[in-house]
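Reproduced below: input_22.txt, with compact mmCIF, C-alpha atoms.
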```txt
# COMPACT_ATOMS: atom_id res chain seq x y z
CA MET A 1 0.00 0.00 0.00
CA GLN A 2 1.25 3.42 -0.96
CA GLU A 3 0.07 6.26 1.28
CA ILE A 4 1.00 9.89 0.76
CA ASP A 5 -0.13 13.00 2.58
CA ALA A 6 1.04 16.43 1.41
CA PRO A 7 0.56 19.78 3.13
CA LYS A 8 -2.82 21.37 2.43
CA ASP A 9 -1.28 24.32 0.65
CA ARG A 10 0.02 22.08 -2.11
CA ASP A 11 -1.52 22.41 -5.53
CA SER A 12 -3.40 19.57 -7.12
CA PHE A 13 -1.88 17.42 -9.69
CA GLU A 14 -4.65 18.19 -11.72
CA ASP A 15 -3.74 20.60 -14.05
CA GLU A 16 -1.89 17.57 -15.11
CA LEU A 17 -3.91 14.71 -13.91
CA GLY A 18 -7.01 16.95 -13.97
CA ALA A 19 -6.58 18.40 -17.31
CA ALA A 20 -4.89 15.22 -18.19
CA MET A 21 -7.76 13.17 -17.05
CA LYS A 22 -10.26 15.51 -18.50
CA ARG A 23 -8.70 15.64 -21.94
CA ALA A 24 -7.62 12.04 -21.89
CA GLY A 25 -4.28 12.85 -21.96
CA GLU A 26 -1.14 13.17 -22.13
CA GLU A 27 0.76 11.96 -19.86
CA PHE A 28 1.61 12.03 -16.65
CA PRO A 29 2.65 15.20 -14.93
CA VAL A 30 6.17 14.25 -14.15
CA ALA A 31 7.05 14.24 -17.79
CA GLY A 32 7.18 17.99 -18.15
CA ARG A 33 6.32 19.84 -21.34
CA PRO A 34 9.34 18.75 -23.39
CA LEU A 35 8.70 15.08 -22.72
CA VAL A 36 5.07 15.47 -23.74
CA ASP A 37 6.25 17.01 -27.00
CA GLY A 38 8.49 14.06 -27.52
CA GLY A 39 5.77 11.55 -26.81
CA VAL A 40 3.45 13.22 -29.30
CA ALA A 41 6.16 13.38 -31.90
CA ARG A 42 6.96 9.71 -31.68
CA GLY A 43 3.42 8.55 -31.01
CA ARG A 44 4.37 5.95 -28.46
CA ARG A 45 3.50 5.12 -24.90
CA ARG A 46 5.47 2.88 -22.65
CA THR A 47 3.69 0.33 -20.50
CA VAL A 48 3.89 2.37 -17.34
CA LEU A 49 2.41 5.42 -19.03
CA ARG A 50 -0.26 3.37 -20.80
CA ARG A 51 -1.45 1.98 -17.49
CA SER A 52 -1.52 5.44 -15.97
CA ALA A 53 -3.49 6.73 -18.94
CA ALA A 54 -6.13 4.03 -18.48
CA VAL A 55 -7.49 6.06 -15.60
CA THR A 56 -7.26 9.14 -17.79
CA GLY A 57 -9.55 7.66 -20.42
CA SER A 58 -12.00 6.50 -17.80
CA VAL A 59 -12.13 9.66 -15.75
CA ALA A 60 -12.12 11.83 -18.86
CA ALA A 61 -15.63 10.62 -19.59
CA LEU A 62 -16.98 11.55 -16.19
CA ALA A 63 -18.53 14.85 -17.16
CA VAL A 64 -19.80 14.15 -20.64
CA ILE A 65 -23.31 12.76 -20.11
CA GLY A 66 -26.20 15.02 -19.18
CA LEU A 67 -29.55 13.32 -18.59
CA GLY A 68 -32.78 15.25 -18.28
CA GLY A 69 -34.90 15.37 -15.19
CA SER A 70 -34.50 16.02 -11.54
CA LEU A 71 -34.77 13.49 -8.78
CA LEU A 72 -34.55 12.91 -5.08
CA THR A 73 -32.25 10.23 -3.77
CA GLY A 74 -32.81 8.44 -0.53
CA GLY A 75 -29.79 6.18 -0.49
CA SER A 76 -28.05 5.09 2.65
CA GLY A 77 -24.79 5.99 0.92
CA ALA A 78 -22.62 3.97 -1.41
CA SER A 79 -22.11 0.53 0.01
CA GLN A 80 -21.65 -3.08 -0.91
CA ASP A 81 -25.27 -3.60 0.11
CA GLY A 82 -26.54 -1.06 -2.44
CA GLY A 83 -28.40 2.19 -1.96
CA LYS A 84 -32.00 3.26 -1.89
CA GLY A 85 -33.31 6.25 -3.82
CA ALA A 86 -35.53 7.55 -6.59
CA THR A 87 -34.97 7.70 -10.35
CA GLY A 88 -37.45 10.40 -11.23
CA ALA A 89 -39.20 13.37 -9.70
CA GLN A 90 -42.37 11.33 -9.48
CA SER A 91 -40.72 8.46 -7.58
CA THR A 92 -39.91 8.01 -3.92
CA SER A 93 -38.00 4.74 -4.11
CA ASN A 94 -36.45 2.72 -6.88
CA ALA A 95 -34.35 0.17 -5.06
CA GLY A 96 -36.41 -2.73 -6.38
CA LYS A 97 -36.91 -1.33 -9.85
CA LEU A 98 -33.20 -0.93 -10.39
CA LYS A 99 -32.78 -4.69 -10.09
CA GLU A 100 -35.61 -5.36 -12.55
CA THR A 101 -35.07 -2.97 -15.43
CA PRO A 102 -31.49 -1.75 -15.88
CA ALA A 103 -30.81 -4.20 -18.73
CA GLU A 104 -33.65 -2.54 -20.68
CA LEU A 105 -31.96 0.86 -20.52
CA ALA A 106 -28.99 2.27 -22.38
CA PRO A 107 -25.74 1.87 -20.38
CA GLU A 108 -25.47 5.59 -19.62
CA GLN A 109 -29.02 5.59 -18.26
CA GLN A 110 -28.17 2.59 -16.11
CA VAL A 111 -25.16 4.49 -14.77
CA PHE A 112 -27.26 7.57 -14.03
CA ARG A 113 -29.97 5.60 -12.21
CA THR A 114 -27.45 3.58 -10.25
CA LEU A 115 -25.49 6.66 -9.20
CA ALA A 116 -28.71 8.33 -8.03
CA ALA A 117 -29.68 5.27 -6.01
CA LEU A 118 -26.28 4.92 -4.36
CA LEU A 119 -25.82 8.55 -3.34
CA PRO A 120 -26.85 9.53 0.20
CA GLU A 121 -30.17 11.28 0.64
CA GLY A 122 -30.36 14.50 -1.32
CA HIS A 123 -31.42 16.13 -4.57
CA VAL A 124 -29.90 15.12 -7.92
CA SER A 125 -30.30 17.02 -11.18
CA GLU A 126 -28.73 17.14 -14.61
CA GLN A 127 -25.41 18.94 -14.83
CA PRO A 128 -25.74 21.67 -17.47
CA GLY A 129 -23.51 21.59 -20.51
CA THR A 130 -22.34 17.99 -20.26
CA GLY A 131 -23.26 16.94 -23.78
CA GLY A 132 -21.73 17.67 -27.14
CA GLN A 133 -18.97 15.08 -27.36
CA GLU A 134 -19.00 12.78 -30.34
CA GLY A 135 -17.75 9.27 -30.93
CA PRO A 136 -17.59 6.17 -28.74
CA ARG A 137 -17.23 6.74 -25.04
CA PRO A 138 -17.63 4.72 -21.87
CA PRO A 139 -21.03 4.92 -20.16
CA ALA A 140 -20.92 7.84 -17.75
CA ALA A 141 -23.13 10.19 -15.79
CA SER A 142 -22.47 13.66 -14.42
CA VAL A 143 -24.92 15.20 -11.98
CA VAL A 144 -25.37 18.06 -9.54
CA TYR A 145 -25.96 16.65 -6.07
CA ASP A 146 -27.23 18.63 -3.08
CA ASP A 147 -27.36 17.10 0.39
CA GLY A 148 -28.59 20.34 1.94
CA HIS A 149 -25.10 21.72 2.50
CA GLY A 150 -24.44 23.06 -0.99
CA LYS A 151 -24.49 21.83 -4.56
CA ALA A 152 -21.67 19.62 -5.83
CA ALA A 153 -20.79 18.02 -9.14
CA VAL A 154 -20.49 14.23 -8.96
CA SER A 155 -19.47 12.12 -11.93
CA VAL A 156 -18.97 8.43 -12.61
CA ALA A 157 -17.66 6.49 -15.60
CA LEU A 158 -17.35 2.76 -16.30
CA SER A 159 -15.04 1.05 -18.74
CA ARG A 160 -13.27 -2.24 -19.36
CA GLN A 161 -9.68 -3.05 -20.06
CA ASN A 162 -8.21 -6.19 -21.55
CA PRO A 163 -8.48 -8.89 -18.85
CA ASP A 164 -5.11 -10.25 -20.00
CA GLU A 165 -3.48 -7.16 -18.49
CA GLU A 166 -2.68 -8.06 -14.93
CA VAL A 167 -3.85 -5.66 -12.24
CA ASN A 168 -0.95 -4.65 -10.02
CA GLU A 169 0.35 -1.92 -7.76
CA ASN A 170 1.73 0.02 -10.74
CA ASP A 171 -1.75 0.77 -12.05
CA SER A 172 -2.52 4.47 -11.58
CA PRO A 173 0.01 5.16 -8.83
CA CYS A 174 -0.05 8.32 -6.78
CA PRO A 175 2.05 11.09 -8.30
CA ASP A 176 5.47 12.08 -7.06
CA LYS A 177 4.85 14.73 -4.40
CA ASN A 178 8.05 16.54 -5.38
CA VAL A 179 6.68 17.08 -8.88
CA THR A 180 2.94 17.41 -8.42
CA ALA A 181 0.93 18.81 -5.56
CA PHE A 182 -2.10 17.32 -3.82
CA GLU A 183 -3.73 17.11 -0.43
CA ALA A 184 -3.70 13.33 0.04
CA CYS A 185 -3.47 10.20 -2.09
CA SER A 186 -3.41 6.46 -1.48
CA ALA A 187 -2.95 3.58 -3.93
CA THR A 188 -3.87 0.17 -2.50
CA MET A 189 -4.14 -3.45 -3.62
CA LEU A 190 -7.32 -4.87 -2.05
CA LYS A 191 -7.79 -8.43 -0.82
CA ASP A 192 -9.92 -9.33 -3.85
CA GLY A 193 -7.10 -8.33 -6.22
CA SER A 194 -8.55 -4.95 -7.15
CA HIS A 195 -6.47 -1.79 -7.28
CA LEU A 196 -7.94 1.29 -5.58
CA VAL A 197 -6.75 4.89 -5.79
CA LEU A 198 -8.23 7.58 -3.51
CA PHE A 199 -7.19 11.15 -4.21
CA LYS A 200 -7.78 14.60 -2.73
CA GLY A 201 -6.60 17.66 -4.60
CA TRP A 202 -7.64 20.86 -6.32
CA GLU A 203 -9.00 21.59 -9.77
CA TYR A 204 -6.55 24.45 -10.37
CA PRO A 205 -2.85 24.04 -9.56
CA ASP A 206 -2.35 27.70 -8.72
CA ARG A 207 -5.38 27.70 -6.36
CA ARG A 208 -6.85 30.73 -8.13
CA GLU A 209 -10.16 29.20 -7.16
CA GLU A 210 -10.73 26.94 -4.16
CA THR A 211 -12.40 24.25 -6.24
CA ARG A 212 -11.48 20.91 -4.71
CA TRP A 213 -11.36 17.73 -6.77
CA TRP A 214 -11.56 14.34 -5.09
CA TYR A 215 -11.79 11.01 -6.86
CA ALA A 216 -11.84 7.25 -6.36
CA ASP A 217 -10.73 4.84 -9.07
CA LEU A 218 -11.15 1.06 -8.89
CA LEU A 219 -9.73 -1.49 -11.32
CA THR A 220 -10.92 -5.06 -10.70
CA PRO A 221 -9.24 -8.34 -11.68
CA GLU A 222 -11.94 -8.78 -14.34
CA GLY A 223 -10.79 -5.56 -15.98
CA TYR A 224 -13.76 -3.44 -14.82
CA ARG A 225 -12.86 0.16 -14.10
CA ILE A 226 -15.18 2.33 -12.01
CA SER A 227 -14.13 5.96 -11.57
CA VAL A 228 -15.97 8.54 -9.45
CA SER A 229 -15.08 12.24 -9.11
CA GLU A 230 -16.61 14.99 -6.99
CA TRP A 231 -16.10 18.71 -6.56
CA ASN A 232 -17.17 21.29 -3.98
CA ALA A 233 -18.91 23.28 -6.71
CA PRO A 234 -21.81 22.60 -9.10
CA ALA A 235 -19.31 22.08 -11.93
CA GLU A 236 -15.68 21.09 -12.09
CA LYS A 237 -14.69 24.37 -13.78
CA GLY A 238 -16.30 27.77 -14.12
CA ALA A 239 -18.69 27.58 -11.16
CA PRO A 240 -18.28 29.32 -7.77
CA VAL A 241 -17.43 27.13 -4.81
CA SER A 242 -20.65 26.23 -3.01
CA ARG A 243 -19.28 24.34 0.00
CA SER A 244 -15.97 23.94 1.81
CA VAL A 245 -15.33 20.35 0.68
CA PRO A 246 -16.99 17.82 -1.67
CA PRO A 247 -19.97 15.98 -0.13
CA LEU A 248 -18.61 12.41 0.10
CA SER A 249 -15.76 11.39 2.36
CA LEU A 250 -13.08 9.14 0.88
CA ASP A 251 -14.59 6.22 2.83
CA ARG A 252 -17.92 6.84 1.10
CA MET A 253 -16.14 7.20 -2.25
CA LYS A 254 -14.41 3.88 -1.65
CA ALA A 255 -17.73 2.22 -0.89
CA LEU A 256 -19.32 3.87 -3.91
CA VAL A 257 -16.81 2.54 -6.46
CA ARG A 258 -16.94 -0.91 -4.82
CA ALA A 259 -20.74 -1.15 -4.89
CA GLU A 260 -21.90 -4.41 -6.52
CA GLU A 261 -24.48 -2.53 -8.60
CA TRP A 262 -21.74 -1.41 -11.01
CA ARG A 263 -20.58 -4.93 -11.87
CA PRO A 264 -23.47 -5.98 -14.16
CA ILE A 265 -23.20 -2.73 -16.10
CA ALA A 266 -19.44 -3.09 -16.52
CA ALA A 267 -19.84 -6.75 -17.49
CA SER A 268 -22.28 -5.77 -20.25
CA LEU A 269 -19.71 -3.55 -21.94
CA PRO A 270 -17.88 -5.01 -24.96
CA GLU A 271 -14.61 -6.61 -24.05
CA PRO A 272 -11.73 -4.59 -25.52
CA ASP A 273 -9.95 -6.04 -28.52
CA ARG A 274 -6.67 -7.70 -27.82
CA PRO A 275 -3.98 -5.11 -28.51
CA ALA A 276 -1.78 -5.60 -31.53
CA PRO A 277 1.86 -6.36 -30.77
CA GLU A 278 3.69 -3.15 -30.03
CA GLN A 279 6.17 -2.00 -32.61
CA PRO A 280 9.69 -1.46 -31.33
CA ALA A 281 10.17 2.15 -30.31
CA PRO A 282 13.39 4.13 -30.27
CA GLN A 283 15.18 3.25 -27.08
CA GLY A 284 15.26 6.23 -24.77
CA MET A 285 17.86 6.73 -22.06
CA SER A 286 16.70 5.32 -18.73
CA GLY A 287 15.66 7.71 -16.02
CA GLU A 288 18.22 6.20 -13.68
CA VAL A 289 21.09 6.92 -16.08
CA ILE A 290 19.81 10.45 -16.67
CA LEU A 291 19.66 11.09 -12.93
CA ASP A 292 23.22 9.82 -12.46
CA LYS A 293 24.54 11.99 -15.29
CA LEU A 294 22.66 15.04 -14.02
CA THR A 295 23.83 14.81 -10.42
CA GLY A 296 27.39 14.22 -11.61
CA GLN A 297 27.42 17.62 -13.35
CA LEU A 298 25.83 19.80 -10.66
CA PRO A 299 28.01 22.60 -9.26
CA GLY A 300 29.76 21.67 -6.01
CA ARG A 301 27.94 24.34 -4.02
CA LEU A 302 24.63 22.49 -4.43
CA THR A 303 23.34 19.76 -2.14
CA VAL A 304 20.75 17.31 -3.50
CA LYS A 305 17.78 17.17 -1.12
CA ALA A 306 15.48 14.96 -3.20
CA SER A 307 15.40 13.30 -6.61
CA GLY A 308 13.16 11.26 -8.86
CA LYS A 309 12.86 9.82 -12.34
CA GLN A 310 10.59 8.23 -14.91
CA GLU A 311 11.22 4.91 -16.58
CA THR A 312 12.91 6.71 -19.47
CA GLU A 313 13.83 10.20 -20.67
CA TYR A 314 13.16 12.20 -17.50
CA ALA A 315 14.66 12.93 -14.08
CA TYR A 316 14.66 15.71 -11.52
CA VAL A 317 16.51 16.89 -8.42
CA VAL A 318 15.69 19.31 -5.62
CA VAL A 319 18.88 21.16 -4.69
CA ASP A 320 19.86 23.69 -2.04
CA ASP A 321 22.83 26.03 -1.79
CA GLY A 322 21.87 27.41 1.61
CA ARG A 323 19.56 30.05 0.15
CA GLY A 324 16.53 27.86 -0.39
CA LYS A 325 15.47 24.84 -2.37
CA SER A 326 15.38 24.82 -6.17
CA PHE A 327 13.67 22.29 -8.46
CA VAL A 328 15.66 21.16 -11.51
CA GLN A 329 14.25 18.85 -14.20
CA ILE A 330 15.77 17.41 -17.33
CA ASN A 331 14.42 15.63 -20.42
CA VAL A 332 16.65 13.60 -22.72
CA GLN A 333 14.98 12.57 -25.98
CA PRO A 334 16.76 10.32 -28.48
CA ASP A 335 15.32 11.45 -31.82
CA MET A 336 13.35 14.65 -32.32
CA SER A 337 14.53 15.29 -35.88
CA GLY A 338 11.01 14.98 -37.28
CA VAL A 339 9.77 18.00 -35.34
CA ALA A 340 12.94 20.02 -35.03
CA GLY A 341 11.41 23.09 -36.62
CA ASP A 342 8.66 23.18 -34.02
CA LEU A 343 10.99 22.83 -31.05
CA VAL A 344 13.80 25.31 -31.61
CA GLY A 345 13.02 28.86 -32.69
CA SER A 346 14.75 31.04 -35.24
CA ASP A 347 16.59 32.85 -32.46
CA ALA A 348 18.53 29.73 -31.50
CA GLU A 349 22.29 29.92 -31.07
CA VAL A 350 24.12 27.47 -33.36
CA LEU A 351 27.26 25.90 -31.87
CA ALA A 352 30.29 24.72 -33.83
CA ASP A 353 29.02 21.12 -33.91
CA GLY A 354 25.63 22.23 -35.28
CA THR A 355 23.77 22.00 -31.95
CA ARG A 356 21.02 24.59 -31.71
CA VAL A 357 20.56 26.20 -28.28
CA THR A 358 17.59 28.22 -27.09
CA THR A 359 17.46 29.87 -23.67
CA ARG A 360 14.39 31.12 -21.88
CA GLN A 361 13.62 32.68 -18.53
CA GLY A 362 10.40 33.96 -17.09
CA PRO A 363 7.39 32.87 -15.04
CA GLY A 364 7.18 29.20 -14.04
CA GLU A 365 5.04 26.88 -16.16
CA LYS A 366 2.64 25.90 -13.37
CA GLY A 367 1.78 29.28 -11.96
CA GLY A 368 3.06 29.03 -8.36
CA ALA A 369 3.24 32.42 -6.64
CA GLY A 370 6.47 34.21 -7.57
CA VAL A 371 7.94 31.18 -9.36
CA THR A 372 10.43 31.89 -12.13
CA MET A 373 12.11 29.45 -14.49
CA ARG A 374 15.36 29.30 -16.40
CA GLN A 375 15.50 26.84 -19.28
CA VAL A 376 18.00 25.70 -21.88
CA ASP A 377 16.72 23.68 -24.85
CA THR A 378 19.31 21.98 -27.07
CA LEU A 379 18.84 20.07 -30.31
CA ARG A 380 21.76 18.31 -31.98
CA PRO A 381 21.90 17.83 -35.77
CA ASP A 382 20.79 14.18 -35.51
CA GLY A 383 17.69 15.11 -33.50
CA PHE A 384 19.07 14.29 -30.03
CA ARG A 385 17.47 16.72 -27.61
CA VAL A 386 18.28 17.75 -24.03
CA VAL A 387 16.09 20.24 -22.18
CA ILE A 388 16.92 21.35 -18.65
CA SER A 389 14.91 23.74 -16.47
CA ALA A 390 15.52 25.21 -13.02
CA PHE A 391 12.95 26.90 -10.76
CA ASN A 392 13.22 29.13 -7.70
CA ALA A 393 10.93 26.76 -5.77
CA ALA A 394 11.12 23.26 -4.35
CA ASN A 395 8.21 22.25 -6.59
CA GLN A 396 7.03 23.90 -9.79
CA ASN A 397 3.50 24.07 -8.38
CA GLU A 398 4.46 25.78 -5.13
CA ALA A 399 5.31 29.35 -4.23
CA ALA A 400 8.86 30.59 -4.65
CA THR A 401 11.34 29.64 -1.91
CA ARG A 402 14.23 31.83 -3.11
CA GLU A 403 14.84 34.87 -5.31
CA ASN A 404 16.24 33.01 -8.35
CA PRO A 405 16.75 29.40 -9.49
CA ALA A 406 19.87 27.78 -8.06
CA LEU A 407 21.57 27.39 -11.46
CA THR A 408 22.43 30.15 -13.90
CA LEU A 409 21.64 29.94 -17.61
CA ALA A 410 25.33 29.41 -18.29
CA GLU A 411 25.42 26.43 -15.90
CA LEU A 412 22.28 24.95 -17.41
CA LYS A 413 23.74 25.35 -20.90
CA LYS A 414 26.94 23.61 -19.84
CA ILE A 415 24.97 20.63 -18.54
CA ALA A 416 22.65 20.42 -21.54
CA THR A 417 25.46 20.55 -24.12
CA SER A 418 27.77 18.19 -22.24
CA LYS A 419 29.20 15.22 -24.12
CA VAL A 420 28.19 12.90 -21.26
CA TRP A 421 24.70 12.58 -22.75
CA ARG A 422 26.15 10.81 -25.79
CA SER A 423 28.60 8.62 -23.92
```

Show how you would write the structure in this file as structure tokens.
Amino acid sequence: MQEIDAPKDRDSFEDELGAAMKRAGEEFPVAGRPLVDGGVARGRRRTVLRRSAAVTGSVAALAVIGLGGSLLTGGSGASQDGGKGATGAQSTSNAGKLKETPAELAPEQQVFRTLAALLPEGHVSEQPGTGGQEGPRPPAASVVYDDGHGKAAVSVALSRQNPDEEVNENDSPCPDKNVTAFEACSATMLKDGSHLVLFKGWEYPDRREETRWWYADLLTPEGYRISVSEWNAPAEKGAPVSRSVPPLSLDRMKALVRAEEWRPIAASLPEPDRPAPEQPAPQGMSGEVILDKLTGQLPGRLTVKASGKQETEYAYVVVDDGRGKSFVQINVQPDMSGVAGDLVGSDAEVLADGTRVTTRQGPGEKGGAGVTMRQVDTLRPDGFRVVISAFNAANQNEAATRENPALTLAELKKIATSKVWRS
């Protein structure tokens, strides 16, 4: 079991996981912008990223279905024993009817009715503006729920993954707290072989609005994925906060995703096609090697306080020179020749060996208060790319901890253009 608790002033990993999850995305936050560019350019996903993105695809559908009508729920809360509630304004209870008729309804209607029945007592109505998406999508429902303490958006989506893919502790892990910010997160293997993630964070990484985003994601051994999200506002974005926290505790969210009522709906979904054999992808440098090469080139005045890496192409360190912590990240991409024109601008410096170097400095990418960034982007003639960035904060999502990043542009350039990356 992985359990992480971060200070409450940390920003959510949602501009990454949130936007990521919402737009079915990209990857995973730790990659940083350059690595995302690389992934798009090469069109590949490694196994670890593919498994992380499975939650993205599932949760991305959470707010896409809007069903008409308004109803009162009278559930005892999400539980393995089921809930009690109503499926229409004219009803007072539908606990029995849910067992008799769901197979006669479209999957998204089944999801809507089941969600309404499993929610604690309160008022449920359609969430405005949830339609408009085209193409196949997992059955999902997005509603506005009011338990008398303020309206809240609650969404659920169901999907299936290939049952041949073993469920394990690497499915949808919690993010690295040194790279992404959140309030609390746990990733747990349950006794029945399911993998459960419970997450508390914020919709906006810079906390410009106090919209909280909590979710529960369950992946069962049969390949059923049930994902539930909730916010402390009537909509995930663009609506004023209506309560201090979302309505359901993480214990209730856990019970909700584990409710047996979801299983028949998930089982009725088409089983995914067996994936075609993956084509060999260009071999990227391992994160461990990148981290070793990076730390070996840091100026002697810096002390490494923390570090981390991805499977390939990315690593980071948190360093301190006595004047405050500074976050430094690096991406090493083996072949970016196909998109070179998009990556290095016309103002690039061209070195004697043909390497093109672009330097940038300005506000940090994630919007933390007072955060500034220095970055050096290098592209060698054969498409080999190294991008290194330094921030004046211990985390790109947090407020500044020092006046300037711990490394100068000249020092970053020296590291990025070093011959060690090709050795």

Discussion item. Restricting the calculation to all atoms listed in the file: of A:Thr401, A:Asn392, A:Ser326, A:Thr372, which residue gets closest to Ser307 in chain A?
Written reply: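 Of all the options, A:Ser326 lies closest to Ser307 in chain A.
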
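With distances restricted to only C-alpha atoms, A:Val228 is the closest residue to Tyr215 in chain A from A:Val228, A:Ala348, A:Val317, A:Ala266.
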
Worksheet item: To one decimal place, how far is CA of Ala394 in chain A from CA of Asn178 in chain A in Å?
Response: 7.5 Å

Worksheet item: What does the distance between CA of Met373 in chain A and CA of Tyr316 in chain A come to in Å, to one decimal place?
Response: 14.3 Å

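Shortest atom-to-atom contact with Ala406 in chain A among A:Asp321, A:Asn331, A:Pro363, A:Ser389: A:Asp321, counting only C-alpha atoms.
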
Item to complete: Show which residues sit within 10 Å of Arg243 in chain A, as number ranges by chain. Count all atoms listed in the file, and ignore same-chain residues fewer than 4 positions away.
Response: A: 149-152, 210-212, 231-234, 247
